[in-house]
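To start, the structure under review is shown below, and the notes come after it.
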Amino acid sequence: CSPSLVTPSSITCAILFFVTLLKANVLAFISLIYVCMPVIFTLILQPLHRELYAMHASNFFAPSFLKAINENKEESFRSIMAEPTQGVFTFEMLQPHFCELLLSEVENFEKWVHETKFRIMRPNTMNKFGAVLDDFGLETMLGKLMEDFIRPISKVFFSDVGGSTLDSHHGFVVEYGISRDVELGFHVDDSEVTLNVCLGKQFSGGDLFFRGVRCDKHVNTETQSDEILDYSHVPGRAVLHRGRHRHGARATTSGHRVNLLLWCRRCISLAHYYECTKV
């Protein structure tokens with residue numbers, strides 16, 4: 001290279017080029033690690049209960065829930081559900097043995113994280129305790145849960161937010177107790193439809209409170225009397241609602257509560273189509 005061709009501007013351009021290349025490679029590396037994380041975990045972390053990693057419906061679900069799913073009719077779904085306030089459905093879903101196995105699997109994962117001092121992604125920006133289940137091998141099973149069991153129900157009750165076209169999910173557990181998260185503030189979920197199932201264990205308090213659906217513009221507006229619902233968790237019993245249904249969790253005053261959450265989404269969100277009834 002001729003010295004006459006080397007100028008301050010060309011040196012600056014070269015430096016900028018290599019910095020840009022380095023940033024691109026770092027981002028590509030981070031993206032690769034994120035995509036491969038479930039595989040990495042399954043290779044270095046031995047599952048305690050391998051039967052959890054594939055869908056075994058008859059071993060996971062309550063018979064009444066399975067029957068309603070197999071019949072796949074609105075009247076069948078309603079026969080196993082309560083709707084204590086508009087758009088919030090509760091029903092018996094998980095068998096106790098499945099809850100015990102999943103709790104044990106999560107504890108095994110958290111023990112490994114503690115022993116190895118491995119930094120993991122927490123479920124969301126509000127919960128400091130819990131784990132993303134998709135990250136340690138349960139993504140396929142949870143995908144089947146959404147597609148074959150939650151989507152048929154959502155098609156009937158949540159068509160306004162694309163319930164029949166849910167195509168992705170974020171699956172995680174949250175933990176509440178004196179030495180964990182105690183409560184959860186008023187919020188909406190990053191989902192079209194949310195499934196929330198208590199897994200156990202022994203606890204007091206921790207009720208969910210619901211305060212109606214709102215568009216983005218009016219998410220903090222006053223609650224109407226017919227929108228108020230306080231719900232007490234029961235292990236194995238599910239709550240299903242729109243992600244935009246405002247809610248929170250009151251303080252867990254004793255014991256240890258663990259819940260399974262499945263945020264069900266569609267690639268093209270319809271959340272902005274909520275009809276705004278405020279003037």
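Lettering and numbering for the structure tokens are positional, with chains as A, B, ... in the shown order, residues counted from 1 in each chain, and ligands counted from 1 in the shown order.
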Within 12 Å of A:Asn70, counting only C-alpha atoms, which residues qualify if same-chain residues fewer than 2 places away don't, as a list in words? Ala57, Ser58, Pro63, Ser64, Phe65, Leu66, Lys67, Ala68, Asn72, Lys73, Glu74, Ser76, Phe77, Asp148, Phe149, Pro152 and Ile153 of chain A
Can you tell me, as an NGL selection string, which residues in stretch 125-166 of chain A count as alpha helix (DSSP H) by DSSP? :A and (139-145 or 151-157)
When you look at A:Thr140 with a cut-off of 12 Å (counting only C-alpha atoms), what residues show up, excluding the ones that are within fewer than 2 positions of it in the same chain? I need them as an MDAnalysis selection string. chainID A and resid 38:39 52:55 133:138 142:147 168:171
Using only C-alpha atoms, determine which residues lie at most 6 Å from stretch 213-218 of chain A, disregarding the query and same-chain residues fewer than 3 positions distant; provide the list as a count of residues only. 5
Using only C-alpha atoms, which residues sit within 12 Å of A:Glu83 once same-chain residues fewer than 5 positions away are excluded, as a ChimeraX atom specification? /A:77-78,88-91,157,227,229,231,238-241
Any chance you can output those residues with all heavy atoms as a short mmCIF file (atom, residue, chain, number, x, y, z; two decimals), in the first residue's frame?
```cif
data_model
loop_
_atom_site.label_atom_id
_atom_site.label_comp_id
_atom_site.auth_asym_id
_atom_site.auth_seq_id
_atom_site.Cartn_x
_atom_site.Cartn_y
_atom_site.Cartn_z
N PHE A 77 -66.40 -26.82 26.82
CA PHE A 77 -65.48 -25.96 27.57
C PHE A 77 -66.20 -25.29 28.73
O PHE A 77 -65.69 -25.27 29.86
CB PHE A 77 -64.88 -24.89 26.65
CG PHE A 77 -64.05 -25.44 25.52
CD1 PHE A 77 -64.03 -24.82 24.28
CD2 PHE A 77 -63.27 -26.58 25.69
CE1 PHE A 77 -63.26 -25.31 23.24
CE2 PHE A 77 -62.50 -27.09 24.65
CZ PHE A 77 -62.49 -26.44 23.43
N ARG A 78 -67.38 -24.76 28.47
CA ARG A 78 -68.11 -24.05 29.52
C ARG A 78 -68.53 -25.00 30.65
O ARG A 78 -68.70 -24.55 31.79
CB ARG A 78 -69.32 -23.34 28.94
CG ARG A 78 -68.96 -22.12 28.08
CD ARG A 78 -70.15 -21.21 27.85
NE ARG A 78 -69.81 -20.03 27.06
CZ ARG A 78 -69.30 -18.92 27.55
NH1 ARG A 78 -69.05 -18.83 28.86
NH2 ARG A 78 -69.02 -17.88 26.77
N VAL A 88 -62.48 -13.78 32.16
CA VAL A 88 -61.55 -14.52 33.02
C VAL A 88 -62.17 -15.88 33.31
O VAL A 88 -63.23 -15.97 33.92
CB VAL A 88 -61.26 -13.78 34.34
CG1 VAL A 88 -60.35 -14.62 35.24
CG2 VAL A 88 -60.63 -12.43 34.07
N PHE A 89 -61.49 -16.94 32.86
CA PHE A 89 -62.02 -18.29 32.98
C PHE A 89 -61.13 -19.11 33.92
O PHE A 89 -59.90 -19.05 33.83
CB PHE A 89 -62.07 -18.97 31.61
CG PHE A 89 -62.94 -18.25 30.62
CD1 PHE A 89 -62.43 -17.27 29.78
CD2 PHE A 89 -64.30 -18.54 30.53
CE1 PHE A 89 -63.23 -16.61 28.87
CE2 PHE A 89 -65.12 -17.88 29.63
CZ PHE A 89 -64.58 -16.91 28.80
N THR A 90 -61.75 -19.87 34.80
CA THR A 90 -61.01 -20.73 35.72
C THR A 90 -61.52 -22.16 35.57
O THR A 90 -62.71 -22.39 35.35
CB THR A 90 -61.17 -20.28 37.18
OG1 THR A 90 -62.51 -20.51 37.62
CG2 THR A 90 -60.84 -18.80 37.33
N PHE A 91 -60.60 -23.12 35.70
CA PHE A 91 -60.96 -24.52 35.53
C PHE A 91 -59.86 -25.43 36.06
O PHE A 91 -58.69 -25.05 36.12
CB PHE A 91 -61.22 -24.83 34.04
CG PHE A 91 -60.14 -24.36 33.11
CD1 PHE A 91 -59.11 -25.20 32.72
CD2 PHE A 91 -60.16 -23.07 32.61
CE1 PHE A 91 -58.11 -24.76 31.86
CE2 PHE A 91 -59.17 -22.61 31.74
CZ PHE A 91 -58.15 -23.46 31.36
N PHE A 157 -63.14 -18.31 22.87
CA PHE A 157 -63.38 -17.23 23.82
C PHE A 157 -62.57 -15.96 23.57
O PHE A 157 -62.92 -14.90 24.11
CB PHE A 157 -63.12 -17.73 25.24
CG PHE A 157 -64.02 -18.86 25.66
CD1 PHE A 157 -63.51 -20.13 25.89
CD2 PHE A 157 -65.38 -18.66 25.80
CE1 PHE A 157 -64.33 -21.17 26.26
CE2 PHE A 157 -66.22 -19.69 26.18
CZ PHE A 157 -65.69 -20.96 26.40
N GLU A 227 -66.04 -4.96 37.13
CA GLU A 227 -64.75 -5.46 36.63
C GLU A 227 -63.87 -6.01 37.75
O GLU A 227 -62.80 -6.55 37.50
CB GLU A 227 -63.98 -4.34 35.92
CG GLU A 227 -64.66 -3.82 34.67
CD GLU A 227 -63.91 -2.67 34.05
OE1 GLU A 227 -63.47 -1.76 34.79
OE2 GLU A 227 -63.74 -2.66 32.81
N LEU A 229 -62.42 -8.38 40.45
CA LEU A 229 -62.37 -9.81 40.80
C LEU A 229 -61.11 -10.07 41.61
O LEU A 229 -60.01 -9.68 41.21
CB LEU A 229 -62.35 -10.68 39.54
CG LEU A 229 -62.05 -12.18 39.79
CD1 LEU A 229 -63.18 -12.84 40.58
CD2 LEU A 229 -61.80 -12.91 38.48
N TYR A 231 -59.12 -13.40 43.09
CA TYR A 231 -59.11 -14.85 42.86
C TYR A 231 -58.04 -15.50 43.73
O TYR A 231 -56.88 -15.08 43.74
CB TYR A 231 -58.83 -15.14 41.39
CG TYR A 231 -58.58 -16.62 41.10
CD1 TYR A 231 -59.65 -17.50 40.94
CD2 TYR A 231 -57.29 -17.11 41.00
CE1 TYR A 231 -59.42 -18.84 40.69
CE2 TYR A 231 -57.06 -18.46 40.75
CZ TYR A 231 -58.12 -19.32 40.60
OH TYR A 231 -57.90 -20.65 40.35
N ALA A 238 -56.42 -23.65 36.77
CA ALA A 238 -55.91 -22.66 35.82
C ALA A 238 -56.77 -21.42 35.77
O ALA A 238 -57.98 -21.47 36.02
CB ALA A 238 -55.83 -23.29 34.42
N VAL A 239 -56.14 -20.31 35.40
CA VAL A 239 -56.82 -19.07 35.07
C VAL A 239 -56.40 -18.71 33.65
O VAL A 239 -55.21 -18.73 33.33
CB VAL A 239 -56.42 -17.93 36.03
CG1 VAL A 239 -57.19 -16.66 35.70
CG2 VAL A 239 -56.65 -18.33 37.47
N LEU A 240 -57.38 -18.41 32.80
CA LEU A 240 -57.11 -18.06 31.41
C LEU A 240 -57.75 -16.71 31.11
O LEU A 240 -58.94 -16.51 31.37
CB LEU A 240 -57.67 -19.14 30.48
CG LEU A 240 -57.23 -19.11 29.00
CD1 LEU A 240 -55.74 -19.46 28.87
CD2 LEU A 240 -58.06 -20.08 28.18
N HIS A 241 -56.97 -15.79 30.56
CA HIS A 241 -57.49 -14.43 30.32
C HIS A 241 -56.71 -13.76 29.20
O HIS A 241 -55.62 -14.21 28.81
CB HIS A 241 -57.42 -13.60 31.60
CG HIS A 241 -56.02 -13.42 32.15
ND1 HIS A 241 -55.19 -12.41 31.75
CD2 HIS A 241 -55.33 -14.14 33.08
CE1 HIS A 241 -54.04 -12.49 32.40
NE2 HIS A 241 -54.10 -13.53 33.22
#
```
Give the answer as one residue: which of A:Gly200, A:Gly243, A:Gly255, A:Gly177 has the shortest atom-to-atom distance to A:Glu100, using only C-alpha atoms? A:Gly200
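The shell of residues at most 7 Å from A:Phe210, with only C-alpha atoms counted and near chain neighbours (fewer than 2 positions) removed, consists of Leu208, Gly212, Ile228, Leu229, Asp230, Arg246, His247 and Gly248 of chain A.
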Could you write out that same residue set with all heavy atoms as a short mmCIF file (atom, residue, chain, number, x, y, z; two decimals), in the first residue's frame?
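Saved result, selection_15.cif, follows:
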```
data_model
loop_
_atom_site.label_atom_id
_atom_site.label_comp_id
_atom_site.auth_asym_id
_atom_site.auth_seq_id
_atom_site.Cartn_x
_atom_site.Cartn_y
_atom_site.Cartn_z
N LEU A 208 -54.81 -13.25 43.14
CA LEU A 208 -54.80 -12.43 41.94
C LEU A 208 -55.95 -11.43 42.03
O LEU A 208 -57.01 -11.75 42.55
CB LEU A 208 -55.03 -13.29 40.69
CG LEU A 208 -53.85 -14.06 40.10
CD1 LEU A 208 -54.34 -14.87 38.90
CD2 LEU A 208 -52.73 -13.14 39.69
N GLY A 212 -60.37 -5.45 34.77
CA GLY A 212 -60.92 -5.11 33.46
C GLY A 212 -59.88 -4.91 32.36
O GLY A 212 -58.71 -4.70 32.62
N ILE A 228 -64.30 -5.86 38.98
CA ILE A 228 -63.46 -6.22 40.13
C ILE A 228 -63.58 -7.72 40.42
O ILE A 228 -64.67 -8.27 40.58
CB ILE A 228 -63.87 -5.42 41.38
CG1 ILE A 228 -63.62 -3.93 41.15
CG2 ILE A 228 -63.12 -5.91 42.61
CD1 ILE A 228 -64.14 -3.03 42.27
N LEU A 229 -62.42 -8.38 40.45
CA LEU A 229 -62.37 -9.81 40.80
C LEU A 229 -61.11 -10.07 41.61
O LEU A 229 -60.01 -9.68 41.21
CB LEU A 229 -62.35 -10.68 39.54
CG LEU A 229 -62.05 -12.18 39.79
CD1 LEU A 229 -63.18 -12.84 40.58
CD2 LEU A 229 -61.80 -12.91 38.48
N ASP A 230 -61.27 -10.71 42.76
CA ASP A 230 -60.15 -11.24 43.52
C ASP A 230 -60.24 -12.76 43.46
O ASP A 230 -61.29 -13.35 43.74
CB ASP A 230 -60.22 -10.78 44.97
CG ASP A 230 -59.90 -9.30 45.12
OD1 ASP A 230 -59.44 -8.69 44.13
OD2 ASP A 230 -60.10 -8.75 46.21
N ARG A 246 -56.15 -6.20 32.89
CA ARG A 246 -55.32 -5.64 33.96
C ARG A 246 -55.42 -6.50 35.22
O ARG A 246 -56.49 -6.89 35.64
CB ARG A 246 -55.75 -4.20 34.27
CG ARG A 246 -55.71 -3.28 33.06
CD ARG A 246 -56.17 -1.88 33.41
NE ARG A 246 -57.53 -1.88 33.97
CZ ARG A 246 -58.12 -0.81 34.51
NH1 ARG A 246 -57.46 0.33 34.59
NH2 ARG A 246 -59.35 -0.88 34.96
N HIS A 247 -54.25 -6.76 35.82
CA HIS A 247 -54.25 -7.62 37.00
C HIS A 247 -52.96 -7.41 37.80
O HIS A 247 -52.04 -6.72 37.39
CB HIS A 247 -54.39 -9.10 36.60
CG HIS A 247 -53.28 -9.59 35.72
ND1 HIS A 247 -53.18 -9.26 34.38
CD2 HIS A 247 -52.21 -10.39 35.98
CE1 HIS A 247 -52.11 -9.84 33.86
NE2 HIS A 247 -51.50 -10.52 34.80
N GLY A 248 -52.92 -8.05 38.95
CA GLY A 248 -51.74 -8.03 39.81
C GLY A 248 -51.87 -9.15 40.82
O GLY A 248 -52.86 -9.90 40.82
#
```
To one decimal in Å, tell me the separation between atom CA of A:Leu48 and atom CA of A:Glu107. 9.9 Å
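Distance annotation: of A:Ser154, A:Gly87, A:Cys264, A:Val258, the residue with the minimal separation from A:Ser191 is A:Cys264; atom set is only C-alpha atoms.
If you look at atom CA of A:Arg265 and atom CA of A:Gly162, they are 8.7 Å away from each other.
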Just the residues within 7 Å of A:Tyr176, please, counting only C-alpha atoms, with nothing from its chain fewer than 6 positions along; format it as a PyMOL selection string. chain A and resi 182+252+256-258
Which parts of stretch 160-228 of chain A does DSSP call strand (DSSP E) when run on the backbone here, written out as a tab-separated table (two decimals) with N, CA and C atoms, in the first residue's frame?
```
chain	number	residue	atom	x	y	z
A	168	SER	N	-46.91	-18.63	18.93
A	168	SER	CA	-45.67	-18.62	19.69
A	168	SER	C	-45.99	-18.46	21.17
A	169	HIS	N	-45.00	-18.70	22.01
A	169	HIS	CA	-45.26	-18.63	23.45
A	169	HIS	C	-43.99	-18.24	24.21
A	170	HIS	N	-44.22	-17.83	25.45
A	170	HIS	CA	-43.15	-17.59	26.42
A	170	HIS	C	-43.58	-18.32	27.68
A	171	GLY	N	-42.88	-19.40	28.03
A	171	GLY	CA	-43.27	-20.23	29.16
A	171	GLY	C	-42.30	-20.09	30.32
A	172	PHE	N	-42.83	-19.89	31.53
A	172	PHE	CA	-41.95	-19.67	32.68
A	172	PHE	C	-42.68	-19.99	33.99
A	173	VAL	N	-41.91	-20.08	35.05
A	173	VAL	CA	-42.49	-20.19	36.39
A	173	VAL	C	-42.10	-18.95	37.18
A	174	VAL	N	-42.99	-18.54	38.08
A	174	VAL	CA	-42.70	-17.46	39.01
A	174	VAL	C	-42.81	-18.00	40.43
A	175	GLU	N	-42.05	-17.39	41.34
A	175	GLU	CA	-42.02	-17.86	42.73
A	175	GLU	C	-42.28	-16.71	43.68
A	176	TYR	N	-43.14	-16.98	44.65
A	176	TYR	CA	-43.49	-15.96	45.63
A	176	TYR	C	-43.32	-16.52	47.03
A	177	GLY	N	-42.90	-15.65	47.94
A	177	GLY	CA	-42.71	-16.04	49.33
A	177	GLY	C	-41.91	-14.96	50.03
A	184	LEU	N	-46.93	-8.70	43.16
A	184	LEU	CA	-46.72	-8.23	41.80
A	184	LEU	C	-47.67	-7.09	41.53
A	185	GLY	N	-47.13	-5.97	41.07
A	185	GLY	CA	-47.92	-4.76	40.86
A	185	GLY	C	-48.90	-4.87	39.71
A	186	PHE	N	-49.76	-3.90	39.65
A	186	PHE	CA	-50.81	-3.77	38.63
A	186	PHE	C	-50.16	-3.68	37.25
A	187	HIS	N	-50.58	-4.54	36.30
A	187	HIS	CA	-49.92	-4.58	35.00
A	187	HIS	C	-50.78	-5.30	33.96
A	193	VAL	N	-53.05	-14.01	24.92
A	193	VAL	CA	-53.79	-14.82	25.91
A	193	VAL	C	-52.79	-15.35	26.93
A	194	THR	N	-53.16	-15.31	28.19
A	194	THR	CA	-52.29	-15.78	29.27
A	194	THR	C	-52.94	-16.97	30.00
A	195	LEU	N	-52.14	-18.02	30.18
A	195	LEU	CA	-52.52	-19.15	31.03
A	195	LEU	C	-51.70	-19.05	32.31
A	196	ASN	N	-52.37	-19.15	33.45
A	196	ASN	CA	-51.71	-19.06	34.76
A	196	ASN	C	-52.22	-20.21	35.61
A	197	VAL	N	-51.32	-21.13	35.99
A	197	VAL	CA	-51.72	-22.30	36.78
A	197	VAL	C	-50.85	-22.39	38.02
A	198	CYS	N	-51.47	-22.48	39.18
A	198	CYS	CA	-50.74	-22.66	40.43
A	198	CYS	C	-50.24	-24.11	40.51
A	199	LEU	N	-48.93	-24.26	40.79
A	199	LEU	CA	-48.33	-25.60	40.95
A	199	LEU	C	-48.28	-26.01	42.42
A	200	GLY	N	-48.30	-25.11	43.34
A	200	GLY	CA	-48.17	-25.36	44.77
A	200	GLY	C	-47.27	-24.26	45.34
A	203	PHE	N	-48.97	-22.20	51.05
A	203	PHE	CA	-48.82	-20.75	51.11
A	203	PHE	C	-50.12	-20.12	51.61
A	204	SER	N	-49.98	-18.88	52.02
A	204	SER	CA	-51.13	-18.05	52.38
A	204	SER	C	-51.04	-16.75	51.62
A	205	GLY	N	-52.20	-16.18	51.27
A	205	GLY	CA	-52.23	-14.93	50.52
A	205	GLY	C	-51.94	-15.16	49.06
A	208	LEU	N	-54.81	-13.25	43.14
A	208	LEU	CA	-54.80	-12.43	41.94
A	208	LEU	C	-55.95	-11.43	42.03
A	209	PHE	N	-55.72	-10.23	41.52
A	209	PHE	CA	-56.83	-9.29	41.39
A	209	PHE	C	-56.90	-8.80	39.95
A	210	PHE	N	-58.12	-8.79	39.42
A	210	PHE	CA	-58.37	-8.36	38.04
A	210	PHE	C	-59.20	-7.09	38.06
A	211	ARG	N	-58.91	-6.22	37.06
A	211	ARG	CA	-59.59	-4.91	37.02
A	211	ARG	C	-59.98	-4.50	35.60
A	212	GLY	N	-60.37	-5.45	34.77
A	212	GLY	CA	-60.92	-5.11	33.46
A	212	GLY	C	-59.88	-4.91	32.36
A	213	VAL	N	-60.35	-4.99	31.12
A	213	VAL	CA	-59.52	-4.84	29.93
A	213	VAL	C	-59.50	-3.38	29.49
A	228	ILE	N	-64.30	-5.86	38.98
A	228	ILE	CA	-63.46	-6.22	40.13
A	228	ILE	C	-63.58	-7.72	40.42
```
